[in-house]
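Peer 1: structure-v1.tsv is reproduced in full below (TSV, C-alpha atoms and all ligand atoms).
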```tsv
chain	number	residue	atom	x	y	z
A	294	MET	CA	100.72	96.95	129.78
A	295	THR	CA	98.85	98.15	126.70
A	296	GLU	CA	95.07	98.07	126.68
A	297	GLN	CA	93.62	95.07	124.85
A	298	ARG	CA	91.77	96.06	121.69
A	299	LYS	CA	88.37	94.76	120.60
A	300	LYS	CA	88.36	91.28	119.04
A	301	VAL	CA	88.35	91.31	115.22
A	302	THR	CA	85.51	89.04	114.08
A	303	LEU	CA	83.93	88.29	110.71
A	304	PRO	CA	81.22	90.98	111.24
A	305	VAL	CA	83.99	93.50	112.02
A	306	LEU	CA	85.76	92.58	108.76
A	307	PHE	CA	82.56	92.74	106.69
A	308	LYS	CA	81.75	96.12	108.27
A	309	LYS	CA	85.12	97.41	107.08
A	310	VAL	CA	84.30	96.19	103.59
A	311	ALA	CA	80.87	97.90	103.71
A	312	ASP	CA	82.51	101.13	104.94
A	313	GLY	CA	85.17	100.99	102.21
A	314	ALA	CA	87.90	100.76	104.87
A	315	PRO	CA	90.83	98.60	103.68
A	316	ILE	CA	91.63	95.52	105.78
A	317	THR	CA	95.23	95.02	106.93
A	318	TRP	CA	96.66	91.51	106.87
A	319	LEU	CA	100.18	90.21	107.52
A	320	THR	CA	101.87	86.87	107.90
A	321	CYS	CA	103.32	86.02	111.28
A	322	TYR	CA	104.88	82.89	112.71
A	323	ASP	CA	106.05	83.64	116.26
A	324	TYR	CA	105.04	85.18	119.60
A	325	PRO	CA	107.19	88.39	119.65
A	326	THR	CA	106.14	89.40	116.14
A	327	ALA	CA	102.50	88.63	116.92
A	328	TYR	CA	102.77	90.84	120.00
A	329	LEU	CA	104.03	93.73	117.82
A	330	GLN	CA	101.33	93.18	115.20
A	331	GLU	CA	98.72	93.21	117.96
A	332	GLN	CA	100.07	96.58	119.21
A	333	ALA	CA	100.03	97.93	115.63
A	334	GLY	CA	96.35	97.01	115.32
A	335	ILE	CA	96.73	94.70	112.31
A	336	ASP	CA	93.25	93.30	111.51
A	337	MET	CA	94.16	89.81	110.29
A	338	ILE	CA	97.14	87.53	110.76
A	339	LEU	CA	98.02	84.61	108.49
A	340	VAL	CA	100.24	81.89	109.87
A	341	GLY	CA	101.32	80.92	106.37
A	342	ASP	CA	102.93	77.67	105.32
A	343	SER	CA	105.51	80.12	103.93
A	344	LEU	CA	107.08	79.52	107.35
A	345	ALA	CA	108.76	76.52	105.70
A	346	MET	CA	110.77	79.07	103.70
A	347	THR	CA	110.99	82.16	105.91
A	348	MET	CA	111.48	80.41	109.26
A	349	LEU	CA	112.85	76.98	108.40
A	350	GLY	CA	114.91	77.79	105.30
A	351	TYR	CA	113.39	75.28	102.86
A	352	GLU	CA	113.26	76.05	99.13
A	353	SER	CA	109.46	75.80	98.98
A	354	THR	CA	106.39	75.70	101.23
A	355	LEU	CA	105.83	71.97	100.68
A	356	PRO	CA	107.75	70.59	103.70
A	357	ALA	CA	105.52	72.43	106.24
A	358	THR	CA	103.52	69.88	108.26
A	359	MET	CA	100.30	70.25	110.24
A	360	ASP	CA	102.32	69.89	113.45
A	361	ASP	CA	104.68	72.73	112.38
A	362	MET	CA	101.67	74.89	111.56
A	363	ILE	CA	99.86	74.18	114.83
A	364	ARG	CA	102.95	74.89	116.96
A	365	HIS	CA	103.62	78.26	115.30
A	366	THR	CA	99.94	79.23	115.24
A	367	GLN	CA	99.62	78.61	118.98
A	368	ALA	CA	102.53	80.99	119.60
A	369	VAL	CA	100.98	83.65	117.37
A	370	ARG	CA	97.63	83.34	119.11
A	371	ARG	CA	99.33	83.92	122.48
A	372	GLY	CA	100.96	87.09	121.12
A	373	SER	CA	97.87	88.39	119.35
A	374	PRO	CA	94.62	87.48	121.09
A	375	SER	CA	92.42	89.91	119.17
A	376	SER	CA	93.44	89.75	115.51
A	377	PHE	CA	91.43	87.56	113.13
A	378	LEU	CA	93.80	84.60	112.96
A	379	VAL	CA	93.89	82.48	109.81
A	380	GLY	CA	95.69	79.13	109.74
A	381	ASP	CA	97.13	78.16	106.37
A	382	MET	CA	96.40	74.56	105.42
A	383	PRO	CA	99.77	73.01	104.49
A	384	TYR	CA	100.52	70.77	101.52
A	385	MET	CA	98.47	67.54	101.50
A	386	SER	CA	96.46	68.52	104.58
A	387	TYR	CA	93.34	69.05	102.40
A	388	GLN	CA	94.09	67.83	98.87
A	389	PRO	CA	93.46	64.09	99.53
A	390	SER	CA	89.77	64.35	100.52
A	391	VAL	CA	87.02	66.51	102.00
A	392	GLU	CA	87.26	64.53	105.24
A	393	THR	CA	91.01	65.13	105.57
A	394	ALA	CA	90.38	68.82	104.94
A	395	ILE	CA	87.70	69.05	107.66
A	396	ARG	CA	89.81	67.17	110.21
A	397	ASN	CA	92.87	69.39	109.67
A	398	ALA	CA	90.84	72.60	109.60
A	399	GLY	CA	89.37	71.44	112.91
A	400	ARG	CA	92.87	71.08	114.36
A	401	PHE	CA	93.62	74.73	113.54
A	402	MET	CA	90.46	75.79	115.39
A	403	ALA	CA	90.63	73.46	118.41
A	404	GLU	CA	94.40	73.22	119.01
A	405	ALA	CA	95.63	76.61	117.84
A	406	GLY	CA	92.71	78.95	118.51
A	407	CYS	CA	92.29	80.09	114.90
A	408	ASP	CA	89.35	82.13	113.67
A	409	GLY	CA	89.43	80.54	110.23
A	410	ILE	CA	91.58	78.72	107.69
A	411	LYS	CA	92.88	79.31	104.17
A	412	LEU	CA	93.55	76.77	101.46
A	413	GLU	CA	94.93	77.04	97.93
A	414	GLY	CA	93.15	76.14	94.71
A	415	GLY	CA	90.21	77.00	92.48
A	416	SER	CA	86.91	75.34	91.50
A	417	GLU	CA	88.46	71.90	92.09
A	418	MET	CA	88.77	72.76	95.81
A	419	ALA	CA	85.21	74.11	96.18
A	420	ASP	CA	84.03	70.85	97.79
A	421	ARG	CA	86.80	71.16	100.45
A	422	ILE	CA	85.66	74.73	101.20
A	423	ARG	CA	82.01	73.61	101.36
A	424	GLY	CA	82.83	70.72	103.73
A	425	ILE	CA	84.88	72.95	106.06
A	426	VAL	CA	82.26	75.72	106.08
A	427	ASP	CA	79.49	73.16	106.75
A	428	ALA	CA	81.55	72.00	109.75
A	429	GLY	CA	81.21	75.54	111.12
A	430	ILE	CA	84.70	76.74	110.26
A	431	PRO	CA	85.25	80.02	108.37
A	432	ALA	CA	87.28	79.26	105.23
A	433	MET	CA	89.18	81.36	102.68
A	434	GLY	CA	90.33	80.48	99.20
A	435	HIS	CA	93.63	81.42	97.56
A	436	LEU	CA	93.90	81.96	93.79
A	437	GLY	CA	96.49	83.17	91.31
A	438	LEU	CA	100.01	82.27	92.36
A	439	THR	CA	99.41	79.35	94.70
A	440	PRO	CA	102.85	78.42	96.05
A	441	GLN	CA	101.98	74.77	96.75
A	442	SER	CA	101.52	74.38	92.96
A	443	ALA	CA	104.56	76.51	92.01
A	444	SER	CA	106.04	73.64	90.02
A	445	ALA	CA	102.86	73.17	87.95
A	446	LEU	CA	102.56	76.95	87.49
A	447	GLY	CA	106.13	77.29	86.18
A	448	GLY	CA	107.53	79.08	89.24
A	449	TYR	CA	106.68	82.12	91.36
A	450	ARG	CA	105.27	84.31	88.59
A	451	LEU	CA	102.30	86.48	87.63
A	452	GLN	CA	99.13	84.44	86.96
A	453	GLY	CA	96.06	85.18	84.81
A	454	LYS	CA	97.84	87.34	82.21
A	455	THR	CA	95.79	86.12	79.25
A	456	ALA	CA	92.00	86.48	78.91
A	457	ARG	CA	91.61	82.67	78.95
A	458	LEU	CA	93.59	82.17	82.16
A	459	ALA	CA	92.02	85.22	83.79
A	460	LYS	CA	88.53	83.81	83.03
A	461	LYS	CA	89.51	80.59	84.86
A	462	ILE	CA	90.42	82.66	87.93
A	463	VAL	CA	87.14	84.65	87.74
A	464	ASP	CA	85.17	81.37	87.52
A	465	SER	CA	87.11	79.86	90.42
A	466	ALA	CA	86.47	82.92	92.58
A	467	LYS	CA	82.72	82.55	91.97
A	468	ALA	CA	82.85	78.80	92.69
A	469	LEU	CA	84.67	79.38	96.02
A	470	GLU	CA	82.26	82.15	97.01
A	471	LYS	CA	79.29	79.90	96.18
A	472	ALA	CA	80.88	77.14	98.26
A	473	GLY	CA	80.78	79.48	101.25
A	474	ALA	CA	84.27	81.02	101.38
A	475	PHE	CA	84.14	84.20	103.47
A	476	GLY	CA	87.18	85.50	101.64
A	477	ILE	CA	89.60	84.92	98.80
A	478	LEU	CA	93.25	85.89	98.56
A	479	LEU	CA	94.41	86.86	95.06
A	480	GLU	CA	98.17	86.46	94.86
A	481	MET	CA	100.09	87.97	91.95
A	482	VAL	CA	97.34	88.49	89.41
A	483	PRO	CA	97.03	91.67	87.28
A	484	ASP	CA	95.42	94.64	89.06
A	485	ARG	CA	92.52	94.83	86.61
A	486	LEU	CA	91.65	91.18	87.21
A	487	CYS	CA	91.73	91.77	90.96
A	488	LYS	CA	89.45	94.81	90.54
A	489	LEU	CA	87.00	92.87	88.42
A	490	ILE	CA	86.78	90.00	90.93
A	491	THR	CA	86.41	92.44	93.84
A	492	GLU	CA	83.59	94.27	92.08
A	493	ARG	CA	81.79	90.99	91.36
A	494	ALA	CA	82.14	89.61	94.89
A	495	GLU	CA	78.78	89.71	96.65
A	496	ASP	CA	79.46	88.26	100.09
A	497	CYS	CA	83.17	87.58	100.00
A	498	ILE	CA	86.19	89.58	101.13
A	499	ILE	CA	88.82	89.87	98.39
A	500	MET	CA	92.38	90.38	99.58
A	501	SER	CA	95.38	91.29	97.43
A	502	LEU	CA	98.96	90.11	97.65
A	503	GLY	CA	100.86	91.78	94.84
A	504	SER	CA	97.59	92.16	92.90
A	505	GLY	CA	97.08	95.91	93.18
A	506	PRO	CA	95.05	98.36	95.23
A	507	HIS	CA	91.48	97.47	94.25
A	508	ALA	CA	90.81	94.60	96.67
A	509	HIS	CA	89.09	94.95	100.07
A	510	GLY	CA	92.48	94.76	101.77
A	511	GLN	CA	96.17	93.97	101.47
A	512	LEU	CA	98.39	91.11	102.61
A	513	LEU	CA	102.18	91.17	102.84
A	514	ILE	CA	104.71	88.59	103.96
A	515	TYR	CA	106.24	90.03	107.14
A	516	HIS	CA	109.76	88.79	106.38
A	517	ASP	CA	109.74	90.42	102.94
A	518	MET	CA	108.59	93.80	104.23
A	519	PHE	CA	111.40	94.06	106.80
A	520	GLY	CA	114.30	92.70	104.78
A	521	LEU	CA	114.39	89.48	106.81
A	522	TYR	CA	114.23	87.05	103.89
A	523	PRO	CA	116.72	87.34	101.06
A	524	ARG	CA	114.71	85.86	98.15
A	525	PHE	CA	111.74	88.20	97.70
A	526	LYS	CA	111.63	91.98	98.15
A	527	PRO	CA	108.22	93.52	97.30
A	528	LYS	CA	108.38	96.75	99.34
A	529	VAL	CA	110.67	97.13	102.32
A	530	PHE	CA	108.96	99.13	105.11
A	531	GLY	CA	112.02	99.14	107.36
A	532	ASN	CA	115.28	97.28	107.04
A	533	ALA	CA	115.23	95.22	110.22
A	534	GLY	CA	117.50	92.69	108.53
A	535	GLU	CA	120.21	95.36	108.11
A	536	VAL	CA	119.75	96.62	111.70
A	537	ILE	CA	120.07	93.06	113.08
A	538	LEU	CA	123.05	92.25	110.84
A	539	ASN	CA	124.90	95.40	112.02
A	540	GLY	CA	124.09	94.49	115.63
A	541	LEU	CA	125.44	90.96	115.15
A	542	LYS	CA	128.67	92.29	113.63
A	543	GLN	CA	129.09	94.75	116.50
A	544	TYR	CA	128.53	91.96	119.06
A	545	ALA	CA	131.13	89.74	117.40
A	546	GLU	CA	133.61	92.63	117.33
A	547	GLU	CA	133.05	93.66	120.97
A	548	VAL	CA	133.42	90.10	122.28
A	549	THR	CA	136.55	89.65	120.17
A	550	ASN	CA	138.15	92.92	121.34
A	551	LYS	CA	136.92	92.31	124.94
A	552	SER	CA	134.92	95.54	125.17
A	553	PHE	CA	131.84	93.42	125.96
A	554	PRO	CA	130.75	92.71	128.65
A	555	GLN	CA	131.09	95.87	130.77
A	556	PRO	CA	130.17	95.95	134.53
A	557	GLU	CA	126.64	97.14	133.70
A	558	ASN	CA	126.09	93.97	131.64
A	559	TYR	CA	126.69	91.45	134.45
A	560	PHE	CA	126.24	90.87	138.19
A	561	THR	CA	128.84	90.70	140.91
A	562	MET	CA	128.94	89.17	144.39
A	563	HIS	CA	129.24	91.08	147.70
A	564	ASP	CA	132.78	91.08	149.15
A	565	GLU	CA	131.74	89.28	152.37
A	566	GLU	CA	129.96	86.49	150.49
A	567	TYR	CA	132.88	86.07	148.14
A	568	LYS	CA	135.37	85.96	151.03
A	569	GLU	CA	133.21	83.37	152.78
A	570	LEU	CA	133.06	81.27	149.61
A	571	LEU	CA	136.86	81.36	149.33
A	572	SER	CA	137.30	80.37	152.94
A	573	MET	CA	134.78	77.48	152.52
A	574	LEU	CA	136.70	76.21	149.52
A	575	ASP	CA	139.97	76.67	151.38
A	576	GLN	CA	138.66	74.65	154.32
A	577	GLU	CA	137.47	71.90	152.02
A	578	GLY	CA	140.97	71.78	150.49
A	579	HIS	CA	142.51	71.22	153.93
A	580	GLU	CA	140.02	68.44	154.78
A	581	GLU	CA	140.85	66.35	151.68
A	601	LIG	O1	102.00	80.78	103.18
A	601	LIG	C1	101.77	81.97	102.99
A	601	LIG	O2	102.30	82.88	103.62
A	601	LIG	C2	100.81	82.29	101.96
A	601	LIG	C3	101.02	83.59	101.30
A	601	LIG	C4	102.00	83.44	100.22
A	601	LIG	C5	99.77	84.13	100.84
A	601	LIG	O3	99.96	81.51	101.63
```
I need this file expressed as structure tokens, please.
Peer 2:
Amino acid sequence: MTEQRKKVTLPVLFKKVADGAPITWLTCYDYPTAYLQEQAGIDMILVGDSLAMTMLGYESTLPATMDDMIRHTQAVRRGSPSSFLVGDMPYMSYQPSVETAIRNAGRFMAEAGCDGIKLEGGSEMADRIRGIVDAGIPAMGHLGLTPQSASALGGYRLQGKTARLAKKIVDSAKALEKAGAFGILLEMVPDRLCKLITERAEDCIIMSLGSGPHAHGQLLIYHDMFGLYPRFKPKVFGNAGEVILNGLKQYAEEVTNKSFPQPENYFTMHDEEYKELLSMLDQEGHEE
């Protein structure tokens, strides 16, 4: 049994920012992976609505429901008790109204044991952030490539390339910070834009996903980094997908050629017990 590490809280995260120590953040959707991330000492875990794609095989994140999110987040919490756990508000769990947003953020906290939530959108979502924060729930924003709006954004592509669009992102970051967001994720914006927003943040943790090295920390999608999801490949840190695929092929081959299972892979019965079983069955046959 490994020793349990100290709980990662907001003050711990802000201390890292003050010390200039980058924050580590990964997505996670299940117990065994959460257990590994806990052992690796990952600071923050995001149970992303990307689970609709990486775990459930949908084309986009939109089909993820609150119930899907809660179920997976509970499993992650069991595997990683001490990371700072962020629940990702799925499509239409916060867009309709501030009240809907507060109720669903509350579910993440009460039912799944989250430490905070994240939602997508800029200035137009500042009132949702304010409502959630006023309800006592730590909230993060998400700007740049926001996958729930992929259709409106023209696909999964770099955002904020022009000065005009970049200015909108800078303004949104300020609006979310003013609304009380403890952090903002910048997904796929140019590195210089990410740097500028990080430098201007006063009391807000800026995290980067594909937005360069200048943020307070980095986020990656677990399935992308281990070759477990075929569509996106940012940087592969180990090809678990290839290892698993080779193992699956070997299993199929060994069952087919009858080299699996071997005696060490199964259990046998003592001779006396087996003999007694045969004689019981034999007796039964005579009685019929
Ligand atoms: O759902 C998710 O994993 C996310 C990331 C793309 C940031 O929101």
Peer 1: Contacts between ligand LIG 601 (chain A) and chain A, please, where a residue of chain A counts if it comes within 6 Å (with only C-alpha atoms and all ligand atoms); show its shortest atom pair and distance in Å to one decimal, rows by chain and ascending number, as a tab-separated table.
Peer 2:
```
residue	atom	partner	partner_atom	distance
A:Thr320	CA	A:LIG601	O2	5.9
A:Gly341	CA	A:LIG601	O1	3.3
A:Asp342	CA	A:LIG601	O1	3.9
A:Ser343	CA	A:LIG601	O1	3.6
```
Peer 1: From the set A:Asn550, A:Asp336, A:Lys467, A:Gly520, which residue has the shortest atom-to-atom contact distance to A:Ile537, counting all atoms listed in the file?
Peer 2: A:Gly520
Peer 1: For A:Tyr544, please output as an NGL selection string all residues within 9 Å (counting all atoms listed in the file; exclusion window: fewer than 5 positions along the same chain).
Peer 2: :A and (539 or 549 or 553)
Peer 1: Looking at only C-alpha atoms, which of A:Ser465, A:Thr358, A:Gln543, A:Ser376 is the one that sits closest to A:Ala345?
Peer 2: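 Using only C-alpha atoms, A:Ala345 sits closest to A:Thr358.
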Peer 1: Could you tell me which of A:Ser552, A:Ser373, A:Ser390, A:Asn532 comes closest to A:Val301 if we count all atoms listed in the file?
Peer 2: A:Ser373
Peer 1: Between A:Glu580, A:Pro554, A:Pro431, A:Cys321, which has the minimum distance to A:Met518 (counting only C-alpha atoms)?
Peer 2: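 The answer is A:Cys321, which sits nearest to A:Met518.
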Peer 1: Could you check which of A:Asp464, A:Met346, A:Asn397, A:Met382 is closest to A:Met433, using all atoms listed in the file?
Peer 2: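 Using all atoms listed in the file, A:Met433 sits closest to A:Met382.
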Peer 1: Tell me which of A:Ala474, A:Val426, A:Ile363, A:Ile335 sits closest to A:Cys407, counting all atoms listed in the file.
Peer 2: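 Result for the nearest residue to A:Cys407: A:Ile363.
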Peer 1: Measure the distance from atom CA of A:Gln555 to atom CA of A:Leu571 in Å and round it to one decimal.
Peer 2: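 About the pair atom CA of A:Gln555 and atom CA of A:Leu571: they are 24.3 Å apart.
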Peer 1: Find the residues near A:Thr302: any atom within 9 Å, counting only C-alpha atoms, skip ones fewer than 2 places away on the same chain, and give them as a list in words.
Peer 2: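 My list of contacting residues is Lys300, Pro304, Val305, Leu306, Phe307, Ser375, Ser376, Phe377 and Asp408 of chain A.
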Peer 1: Quick one: pull the distance between atom CA of A:Met481 and atom CA of A:Pro440, Å, one decimal.
Peer 2: 10.8 Å
